[in-house]
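Just upload.pdb here, PDB, C-alpha atoms and all ligand atoms:
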```pdb
MODEL        1
ATOM      1  CA  MET A  42      74.204  63.748 111.942  1.00  0.00           C
ATOM      2  CA  PRO A  43      76.208  64.350 115.139  1.00  0.00           C
ATOM      3  CA  THR A  44      75.330  67.620 116.793  1.00  0.00           C
ATOM      4  CA  TYR A  45      75.385  69.392 120.147  1.00  0.00           C
ATOM      5  CA  ARG A  46      73.331  68.172 123.100  1.00  0.00           C
ATOM      6  CA  PHE A  47      74.390  70.823 125.584  1.00  0.00           C
ATOM      7  CA  CYS A  48      74.882  74.547 125.304  1.00  0.00           C
ATOM      8  CA  PRO A  49      78.573  75.425 124.719  1.00  0.00           C
ATOM      9  CA  GLN A  50      77.947  78.754 126.488  1.00  0.00           C
ATOM     10  CA  CYS A  51      76.154  77.766 129.695  1.00  0.00           C
ATOM     11  CA  GLY A  52      75.955  73.940 129.729  1.00  0.00           C
ATOM     12  CA  ASP A  53      72.128  73.764 129.780  1.00  0.00           C
ATOM     13  CA  GLU A  54      70.365  71.270 127.565  1.00  0.00           C
ATOM     14  CA  LEU A  55      69.611  72.379 124.012  1.00  0.00           C
ATOM     15  CA  MET A  56      66.111  72.018 122.592  1.00  0.00           C
ATOM     16  CA  THR A  57      64.483  72.384 119.213  1.00  0.00           C
ATOM     17  CA  LEU A  58      62.728  75.727 118.917  1.00  0.00           C
ATOM     18  CA  PRO A  59      61.099  77.568 116.005  1.00  0.00           C
ATOM     19  CA  LEU A  60      63.295  80.577 115.164  1.00  0.00           C
ATOM     20  CA  SER A  61      63.339  82.729 112.012  1.00  0.00           C
ATOM     21  CA  GLY A  62      60.939  80.368 110.297  1.00  0.00           C
ATOM     22  CA  ARG A  63      62.904  77.157 110.927  1.00  0.00           C
ATOM     23  CA  GLU A  64      63.409  74.582 113.644  1.00  0.00           C
ATOM     24  CA  ARG A  65      66.701  75.370 115.414  1.00  0.00           C
ATOM     25  CA  LEU A  66      68.633  73.779 118.212  1.00  0.00           C
ATOM     26  CA  ALA A  67      68.696  76.485 120.876  1.00  0.00           C
ATOM     27  CA  CYS A  68      69.551  76.898 124.538  1.00  0.00           C
ATOM     28  CA  ALA A  69      66.627  76.462 126.907  1.00  0.00           C
ATOM     29  CA  GLY A  70      68.368  78.500 129.619  1.00  0.00           C
ATOM     30  CA  HIS A  71      66.958  81.931 130.364  1.00  0.00           C
ATOM     31  CA  ASP A  72      69.262  84.875 129.582  1.00  0.00           C
ATOM     32  CA  CYS A  73      71.603  82.710 127.487  1.00  0.00           C
ATOM     33  CA  GLY A  74      70.313  83.031 123.948  1.00  0.00           C
ATOM     34  CA  PHE A  75      72.662  80.534 122.302  1.00  0.00           C
ATOM     35  CA  VAL A  76      71.389  79.169 118.965  1.00  0.00           C
ATOM     36  CA  HIS A  77      73.114  76.443 116.991  1.00  0.00           C
ATOM     37  CA  TRP A  78      72.391  77.903 113.538  1.00  0.00           C
ATOM     38  CA  ASP A  79      74.189  75.038 111.750  1.00  0.00           C
ATOM     39  CA  ASN A  80      75.009  77.201 108.735  1.00  0.00           C
ATOM     40  CA  PRO A  81      76.839  75.546 105.814  1.00  0.00           C
ATOM     41  CA  LEU A  82      80.608  75.506 106.045  1.00  0.00           C
ATOM     42  CA  PRO A  83      82.571  76.942 103.097  1.00  0.00           C
ATOM     43  CA  VAL A  84      84.905  74.494 101.375  1.00  0.00           C
ATOM     44  CA  LEU A  85      87.571  75.475  98.875  1.00  0.00           C
ATOM     45  CA  ALA A  86      88.008  73.388  95.733  1.00  0.00           C
ATOM     46  CA  ALA A  87      90.670  73.662  93.039  1.00  0.00           C
ATOM     47  CA  VAL A  88      90.381  72.765  89.360  1.00  0.00           C
ATOM     48  CA  VAL A  89      94.150  72.439  89.040  1.00  0.00           C
ATOM     49  CA  GLU A  90      95.672  72.963  85.611  1.00  0.00           C
ATOM     50  CA  TYR A  91      99.180  71.518  85.485  1.00  0.00           C
ATOM     51  CA  GLN A  92     101.190  70.994  82.300  1.00  0.00           C
ATOM     52  CA  ASP A  93      97.998  71.509  80.201  1.00  0.00           C
ATOM     53  CA  LYS A  94      96.163  68.775  82.100  1.00  0.00           C
ATOM     54  CA  LEU A  95      93.746  68.728  85.008  1.00  0.00           C
ATOM     55  CA  LEU A  96      94.953  67.187  88.233  1.00  0.00           C
ATOM     56  CA  LEU A  97      92.575  64.842  90.055  1.00  0.00           C
ATOM     57  CA  ALA A  98      93.453  63.190  93.343  1.00  0.00           C
ATOM     58  CA  ARG A  99      92.228  60.195  95.297  1.00  0.00           C
ATOM     59  CA  ASN A 100      91.832  60.711  99.018  1.00  0.00           C
ATOM     60  CA  ALA A 101      93.548  57.986 101.028  1.00  0.00           C
ATOM     61  CA  ALA A 102      90.176  57.131 102.638  1.00  0.00           C
ATOM     62  CA  TRP A 103      88.405  56.629  99.302  1.00  0.00           C
ATOM     63  CA  ARG A 104      87.976  53.444  97.296  1.00  0.00           C
ATOM     64  CA  GLU A 105      90.081  52.645  94.225  1.00  0.00           C
ATOM     65  CA  GLY A 106      89.183  54.611  91.113  1.00  0.00           C
ATOM     66  CA  MET A 107      87.447  57.484  92.915  1.00  0.00           C
ATOM     67  CA  PHE A 108      89.142  60.774  92.028  1.00  0.00           C
ATOM     68  CA  ALA A 109      88.147  64.365  92.686  1.00  0.00           C
ATOM     69  CA  LEU A 110      89.457  67.887  93.065  1.00  0.00           C
ATOM     70  CA  VAL A 111      91.871  69.086  95.707  1.00  0.00           C
ATOM     71  CA  THR A 112      89.693  70.528  98.474  1.00  0.00           C
ATOM     72  CA  GLY A 113      90.098  71.930 101.951  1.00  0.00           C
ATOM     73  CA  PHE A 114      88.665  74.210 104.592  1.00  0.00           C
ATOM     74  CA  LEU A 115      89.391  77.874 104.882  1.00  0.00           C
ATOM     75  CA  GLU A 116      91.439  78.896 107.900  1.00  0.00           C
ATOM     76  CA  ARG A 117      90.545  81.803 110.118  1.00  0.00           C
ATOM     77  CA  ASP A 118      92.008  85.134 108.879  1.00  0.00           C
ATOM     78  CA  GLU A 119      92.725  83.705 105.439  1.00  0.00           C
ATOM     79  CA  THR A 120      91.408  84.865 102.063  1.00  0.00           C
ATOM     80  CA  PRO A 121      89.886  82.077  99.948  1.00  0.00           C
ATOM     81  CA  GLU A 122      92.490  82.700  97.231  1.00  0.00           C
ATOM     82  CA  ALA A 123      95.326  82.244  99.729  1.00  0.00           C
ATOM     83  CA  GLY A 124      93.513  79.237 101.232  1.00  0.00           C
ATOM     84  CA  VAL A 125      93.193  77.359  97.967  1.00  0.00           C
ATOM     85  CA  ALA A 126      96.868  78.032  97.165  1.00  0.00           C
ATOM     86  CA  ARG A 127      97.846  76.772 100.628  1.00  0.00           C
ATOM     87  CA  GLU A 128      95.752  73.612 100.287  1.00  0.00           C
ATOM     88  CA  LEU A 129      97.321  72.916  96.895  1.00  0.00           C
ATOM     89  CA  LYS A 130     100.813  73.301  98.355  1.00  0.00           C
ATOM     90  CA  GLU A 131     100.057  71.160 101.411  1.00  0.00           C
ATOM     91  CA  GLU A 132      98.403  68.351  99.472  1.00  0.00           C
ATOM     92  CA  THR A 133     100.452  68.229  96.233  1.00  0.00           C
ATOM     93  CA  ASN A 134     103.531  70.441  96.790  1.00  0.00           C
ATOM     94  CA  LEU A 135     102.534  72.460  93.700  1.00  0.00           C
ATOM     95  CA  ASP A 136     102.704  76.252  93.595  1.00  0.00           C
ATOM     96  CA  ALA A 137      99.691  78.293  92.481  1.00  0.00           C
ATOM     97  CA  GLU A 138     100.670  80.632  89.639  1.00  0.00           C
ATOM     98  CA  SER A 139      97.171  82.099  89.316  1.00  0.00           C
ATOM     99  CA  VAL A 140      93.877  81.663  91.148  1.00  0.00           C
ATOM    100  CA  ALA A 141      90.546  82.592  89.484  1.00  0.00           C
ATOM    101  CA  LEU A 142      87.020  82.010  90.761  1.00  0.00           C
ATOM    102  CA  ILE A 143      84.926  79.513  88.766  1.00  0.00           C
ATOM    103  CA  GLY A 144      81.808  79.676  90.909  1.00  0.00           C
ATOM    104  CA  VAL A 145      79.998  78.781  94.098  1.00  0.00           C
ATOM    105  CA  TYR A 146      78.137  75.448  94.387  1.00  0.00           C
ATOM    106  CA  GLU A 147      75.765  73.867  96.839  1.00  0.00           C
ATOM    107  CA  PHE A 148      76.752  70.696  98.653  1.00  0.00           C
ATOM    108  CA  MET A 149      73.708  70.320 100.896  1.00  0.00           C
ATOM    109  CA  ARG A 150      74.331  66.640 101.517  1.00  0.00           C
ATOM    110  CA  LYS A 151      77.287  67.631 103.728  1.00  0.00           C
ATOM    111  CA  ASN A 152      75.953  71.056 104.776  1.00  0.00           C
ATOM    112  CA  GLU A 153      78.832  72.669 102.884  1.00  0.00           C
ATOM    113  CA  LEU A 154      79.180  75.420 100.303  1.00  0.00           C
ATOM    114  CA  ILE A 155      81.819  74.862  97.641  1.00  0.00           C
ATOM    115  CA  ILE A 156      83.892  77.819  96.457  1.00  0.00           C
ATOM    116  CA  ALA A 157      85.677  76.588  93.340  1.00  0.00           C
ATOM    117  CA  TYR A 158      88.774  78.117  91.769  1.00  0.00           C
ATOM    118  CA  HIS A 159      90.754  77.492  88.630  1.00  0.00           C
ATOM    119  CA  VAL A 160      94.363  77.239  89.749  1.00  0.00           C
ATOM    120  CA  LYS A 161      97.252  77.203  87.294  1.00  0.00           C
ATOM    121  CA  ALA A 162     100.016  75.279  89.017  1.00  0.00           C
ATOM    122  CA  SER A 163     103.721  74.652  88.594  1.00  0.00           C
ATOM    123  CA  GLY A 164     106.432  72.738  90.417  1.00  0.00           C
ATOM    124  CA  THR A 165     106.957  69.082  91.264  1.00  0.00           C
ATOM    125  CA  ILE A 166     104.130  66.903  92.553  1.00  0.00           C
ATOM    126  CA  ALA A 167     104.635  65.276  95.971  1.00  0.00           C
ATOM    127  CA  LEU A 168     101.430  64.088  97.632  1.00  0.00           C
ATOM    128  CA  SER A 169     100.641  64.506 101.323  1.00  0.00           C
ATOM    129  CA  ASP A 170      99.564  61.506 103.445  1.00  0.00           C
ATOM    130  CA  GLU A 171      95.941  62.576 102.897  1.00  0.00           C
ATOM    131  CA  LEU A 172      96.127  61.673  99.207  1.00  0.00           C
ATOM    132  CA  ALA A 173      96.766  58.171  97.890  1.00  0.00           C
ATOM    133  CA  GLU A 174      97.387  58.937  94.201  1.00  0.00           C
ATOM    134  CA  TYR A 175      96.767  61.465  91.456  1.00  0.00           C
ATOM    135  CA  ARG A 176      95.862  61.533  87.783  1.00  0.00           C
ATOM    136  CA  LEU A 177      96.538  64.098  85.080  1.00  0.00           C
ATOM    137  CA  VAL A 178      93.647  64.183  82.615  1.00  0.00           C
ATOM    138  CA  ALA A 179      93.519  66.093  79.327  1.00  0.00           C
ATOM    139  CA  PRO A 180      90.514  68.470  79.449  1.00  0.00           C
ATOM    140  CA  GLU A 181      88.957  66.929  76.313  1.00  0.00           C
ATOM    141  CA  LYS A 182      89.047  63.471  77.976  1.00  0.00           C
ATOM    142  CA  MET A 183      87.535  64.603  81.247  1.00  0.00           C
ATOM    143  CA  ARG A 184      84.483  62.727  82.599  1.00  0.00           C
ATOM    144  CA  ILE A 185      82.630  64.454  85.406  1.00  0.00           C
ATOM    145  CA  TRP A 186      81.126  63.035  88.600  1.00  0.00           C
ATOM    146  CA  ASN A 187      77.572  63.986  89.502  1.00  0.00           C
ATOM    147  CA  ALA A 188      78.170  65.862  92.761  1.00  0.00           C
ATOM    148  CA  GLY A 189      79.346  69.130  94.309  1.00  0.00           C
ATOM    149  CA  THR A 190      82.747  69.849  92.799  1.00  0.00           C
ATOM    150  CA  GLY A 191      81.878  68.075  89.520  1.00  0.00           C
ATOM    151  CA  PHE A 192      79.715  71.034  88.510  1.00  0.00           C
ATOM    152  CA  ALA A 193      82.694  73.374  88.881  1.00  0.00           C
ATOM    153  CA  VAL A 194      84.662  71.170  86.487  1.00  0.00           C
ATOM    154  CA  ALA A 195      81.687  71.168  84.087  1.00  0.00           C
ATOM    155  CA  ASP A 196      81.487  74.970  84.089  1.00  0.00           C
ATOM    156  CA  TRP A 197      85.240  75.304  83.592  1.00  0.00           C
ATOM    157  CA  LEU A 198      85.193  72.902  80.625  1.00  0.00           C
ATOM    158  CA  ALA A 199      82.088  74.470  79.059  1.00  0.00           C
ATOM    159  CA  ALA A 200      83.595  77.980  79.255  1.00  0.00           C
ATOM    160  CA  ARG A 201      86.558  76.749  77.180  1.00  0.00           C
ATOM    161  CA  GLY A 202      84.531  74.815  74.612  1.00  0.00           C
ATOM    162  CA  TYR A 203      85.487  71.346  75.862  1.00  0.00           C
ATOM    163  CA  PRO A 204      82.917  68.524  75.905  1.00  0.00           C
ATOM    164  CA  VAL A 205      80.976  68.232  79.165  1.00  0.00           C
ATOM    165  CA  ARG A 206      80.416  64.552  79.941  1.00  0.00           C
ATOM    166  CA  PHE A 207      78.971  63.309  83.200  1.00  0.00           C
ATOM    167  CA  PHE A 208      79.161  59.758  84.524  1.00  0.00           C
ATOM    168  CA  ASP A 209      77.546  57.854  87.372  1.00  0.00           C
ATOM    169  CA  ARG A 210      80.074  57.078  90.103  1.00  0.00           C
ATOM    170  CA  GLN A 211      78.246  53.887  91.085  1.00  0.00           C
ATOM    171  CA  THR A 212      77.873  52.298  87.662  1.00  0.00           C
ATOM    172  CA  GLY A 213      80.561  54.151  85.668  1.00  0.00           C
ATOM    173  CA  ALA A 214      77.992  54.743  82.881  1.00  0.00           C
ATOM    174  CA  ASP A 215      77.640  58.038  81.001  1.00  0.00           C
ATOM    175  CA  ILE A 216      74.642  60.100  82.110  1.00  0.00           C
ATOM    176  CA  PRO A 217      73.030  63.305  80.823  1.00  0.00           C
ATOM    177  CA  ASP A 218      73.849  66.599  82.565  1.00  0.00           C
ATOM    178  CA  PRO A 219      72.136  66.171  85.991  1.00  0.00           C
ATOM    179  CA  ARG A 220      71.604  69.931  86.236  1.00  0.00           C
ATOM    180  CA  ALA A 221      69.364  69.929  83.148  1.00  0.00           C
ATOM    181  CA  ALA A 222      67.105  67.299  84.767  1.00  0.00           C
ATOM    182  CA  ARG A 223      67.035  69.300  87.998  1.00  0.00           C
ATOM    183  CA  ALA A 224      66.185  72.574  86.213  1.00  0.00           C
ATOM    184  CA  GLU A 225      63.314  70.792  84.440  1.00  0.00           C
ATOM    185  CA  ALA A 226      61.994  69.427  87.755  1.00  0.00           C
ATOM    186  CA  ASP A 227      62.257  72.899  89.339  1.00  0.00           C
ATOM    187  CA  ALA A 228      60.363  74.456  86.402  1.00  0.00           C
ATOM    188  CA  THR A 229      57.579  71.860  86.785  1.00  0.00           C
ATOM    189  CA  THR A 230      57.316  72.540  90.508  1.00  0.00           C
ATOM    190  CA  LEU A 231      57.046  76.285  89.956  1.00  0.00           C
ATOM    191  CA  GLN A 232      54.202  76.003  87.421  1.00  0.00           C
TER     192      GLN A 232
HETATM  193 ZN    ZN B   1      73.031  78.357 127.070  1.00  0.00          ZN
ENDMDL
END
```
How does the structure come out when it is put into structure tokens?
Amino acid sequence: MPTYRFCPQCGDELMTLPLSGRERLACAGHDCGFVHWDNPLPVLAAVVEYQDKLLLARNAAWREGMFALVTGFLERDETPEAGVARELKEETNLDAESVALIGVYEFMRKNELIIAYHVKASGTIALSDELAEYRLVAPEKMRIWNAGTGFAVADWLAARGYPVRFFDRQTGADIPDPRAARAEADATTLQ
């Protein structure tokens, strides 16, 4: 993972030091005190409901057939609700009619924290250059990817009584709920 080599405050070399019970990249310079905490970055994700269907989009950088939620970073001085509405507008041209929190999800692989909202949307779809194509999927036909934002979709579907079906993105095969397997493993570890 790319990271800092030099202190952004004083220009001295950074070194790995034990701080607050973890190894941290910190400034070796006396009187500086800079620590690169490397905390997870919040990411906004939208389960977009449009004309009674869920909107999935394929990022222009992704391979064919790989669809996911509309996501984006929060801007400084912006509420997450306003941020998710802005991202939706920028990426699809749709207007958010309502924004409701679904939940917060780990995405440790990318050192991110997903804040997922259900967004009811209206308007006419026009994709930004970032997105290659979109799909509108009926909730009862939804198949869920086993990663970050997929769990937000699963929770949204489950809360409304829709089937919750996961699939493996590599093989395309149906798989059992990965969270059940993880909970079982956690329970075993704790015993
Ligand atoms: Zn420094």
> Within 7 Å of ligand ZN 1 (chain B), counting all atoms listed in the file: which residues, as JSON, numbers by chain?
Replying inline: {"A": [48, 49, 50, 51, 52, 53, 68, 69, 70, 73, 74, 75]}
>> Residues within 12 Å of range 199-215 of chain A, please, as a ChimeraX atom specification. Count all atoms listed in the file; anything in the same chain fewer than 6 positions from it doesn't count.
In response: /A:104-109,143-144,159,179-188,191-193,221
>> I'd like the residues picked by the PyMOL selection byres (((chain A and resi 89) around 7) and not hetatm) written out as a list in words, using the chain letters and numbers from the file.
In response: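 Those residues are Ala87, Val88, Glu90, Tyr91, Leu95, Leu96, His159, Val160, Lys161 and Ala162 of chain A.
Taking all atoms listed in the file into account, Glu153 in chain A lies nearest to A:Ala86 out of the set A:Leu60, A:His77, A:Ala86, A:Asp72.
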> Quick one, how far is CA of Glu132 in chain A from CA of Thr190 in chain A?
Replying inline: 17.1 Å
> Separation of CA of Phe114 in chain A and CA of Phe47 in chain A, in Å?
Replying inline: 25.6 Å
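CA of Leu85 in chain A is positioned 5.0 Å from CA of Ile156 in chain A.
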>> Residues within 12 Å of Thr165 in chain A, please, as JSON, numbers by chain. Count only C-alpha atoms; anything in the same chain fewer than 2 positions from it doesn't count.
In response: {"A": [91, 92, 129, 130, 132, 133, 134, 135, 136, 137, 162, 163, 167, 168]}
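Nearest-residue note for Ser139 in chain A: choosing from A:Glu122, A:Ile155, A:Met56, A:Thr112, the minimum distance belongs to A:Glu122, counting all atoms listed in the file.
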> Restricting the calculation to all atoms listed in the file, which member of A:Val76, A:Leu110, A:Lys151, A:Glu138 is positioned closest to Gly164 in chain A?
Replying inline: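 Ranking A:Val76, A:Leu110, A:Lys151, A:Glu138 by distance to Gly164 in chain A, first place goes to A:Glu138.
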>> Please enumerate the residues selected by the PyMOL selection byres (((chain A and resi 79) around 9) and not hetatm) when evaluated against the supplied file, formatted as a ChimeraX atom specification.
In response: /A:65-66,76-78,80-82,152
> Using all atoms listed in the file, which of the listed residues (A:Arg127, A:His71, A:Arg117, A:Arg220) sits closest to Leu55 in chain A?
Replying inline: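 The closest residue to Leu55 in chain A is A:His71.
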>> Taking only C-alpha atoms into account, name the residue in A:Glu64, A:Glu171, A:Leu142, A:Glu147 that is nearest to Glu128 in chain A.
In response: A:Glu171
Since the input has fewer atoms than a full residue there, write range 131-153 of chain A out with N, CA and C atoms, as a short mmCIF file (atom, residue, chain, number, x, y, z; two decimals), keeping the file's coordinate frame.
```cif
data_model
loop_
_atom_site.label_atom_id
_atom_site.label_comp_id
_atom_site.auth_asym_id
_atom_site.auth_seq_id
_atom_site.Cartn_x
_atom_site.Cartn_y
_atom_site.Cartn_z
N GLU A 131 100.02 72.19 100.36
CA GLU A 131 100.06 71.16 101.41
C GLU A 131 99.79 69.77 100.85
N GLU A 132 98.84 69.68 99.92
CA GLU A 132 98.40 68.35 99.47
C GLU A 132 99.19 67.81 98.28
N THR A 133 99.76 68.72 97.45
CA THR A 133 100.45 68.23 96.23
C THR A 133 101.87 68.77 96.06
N ASN A 134 102.25 69.74 96.88
CA ASN A 134 103.53 70.44 96.79
C ASN A 134 103.61 71.41 95.60
N LEU A 135 102.51 71.55 94.85
CA LEU A 135 102.53 72.46 93.70
C LEU A 135 102.33 73.91 94.14
N ASP A 136 102.87 74.82 93.33
CA ASP A 136 102.70 76.25 93.60
C ASP A 136 101.62 76.82 92.69
N ALA A 137 100.75 77.65 93.26
CA ALA A 137 99.69 78.29 92.48
C ALA A 137 100.28 79.49 91.76
N GLU A 138 100.18 79.50 90.43
CA GLU A 138 100.67 80.63 89.64
C GLU A 138 99.57 81.67 89.48
N SER A 139 98.32 81.19 89.38
CA SER A 139 97.17 82.10 89.32
C SER A 139 95.96 81.39 89.91
N VAL A 140 95.07 82.19 90.48
CA VAL A 140 93.88 81.66 91.15
C VAL A 140 92.68 82.49 90.67
N ALA A 141 91.71 81.86 90.00
CA ALA A 141 90.55 82.59 89.48
C ALA A 141 89.26 81.86 89.85
N LEU A 142 88.29 82.61 90.33
CA LEU A 142 87.02 82.01 90.76
C LEU A 142 86.28 81.38 89.58
N ILE A 143 85.81 80.15 89.76
CA ILE A 143 84.93 79.51 88.77
C ILE A 143 83.48 79.75 89.18
N GLY A 144 83.17 79.47 90.44
CA GLY A 144 81.81 79.68 90.91
C GLY A 144 81.61 79.11 92.30
N VAL A 145 80.38 79.23 92.76
CA VAL A 145 80.00 78.78 94.10
C VAL A 145 78.91 77.73 93.93
N TYR A 146 79.01 76.60 94.63
CA TYR A 146 78.14 75.45 94.39
C TYR A 146 77.61 74.89 95.70
N GLU A 147 76.34 74.47 95.64
CA GLU A 147 75.76 73.87 96.84
C GLU A 147 76.32 72.46 97.04
N PHE A 148 76.43 72.08 98.31
CA PHE A 148 76.75 70.70 98.65
C PHE A 148 75.95 70.38 99.91
N MET A 149 74.62 70.43 99.75
CA MET A 149 73.71 70.32 100.90
C MET A 149 73.84 69.00 101.64
N ARG A 150 74.19 67.96 100.90
CA ARG A 150 74.33 66.64 101.52
C ARG A 150 75.28 66.69 102.72
N LYS A 151 76.32 67.52 102.63
CA LYS A 151 77.29 67.63 103.73
C LYS A 151 77.19 68.96 104.46
N ASN A 152 76.12 69.73 104.18
CA ASN A 152 75.95 71.06 104.78
C ASN A 152 77.17 71.94 104.52
N GLU A 153 77.67 71.87 103.27
CA GLU A 153 78.83 72.67 102.88
C GLU A 153 78.50 73.53 101.67
#
```
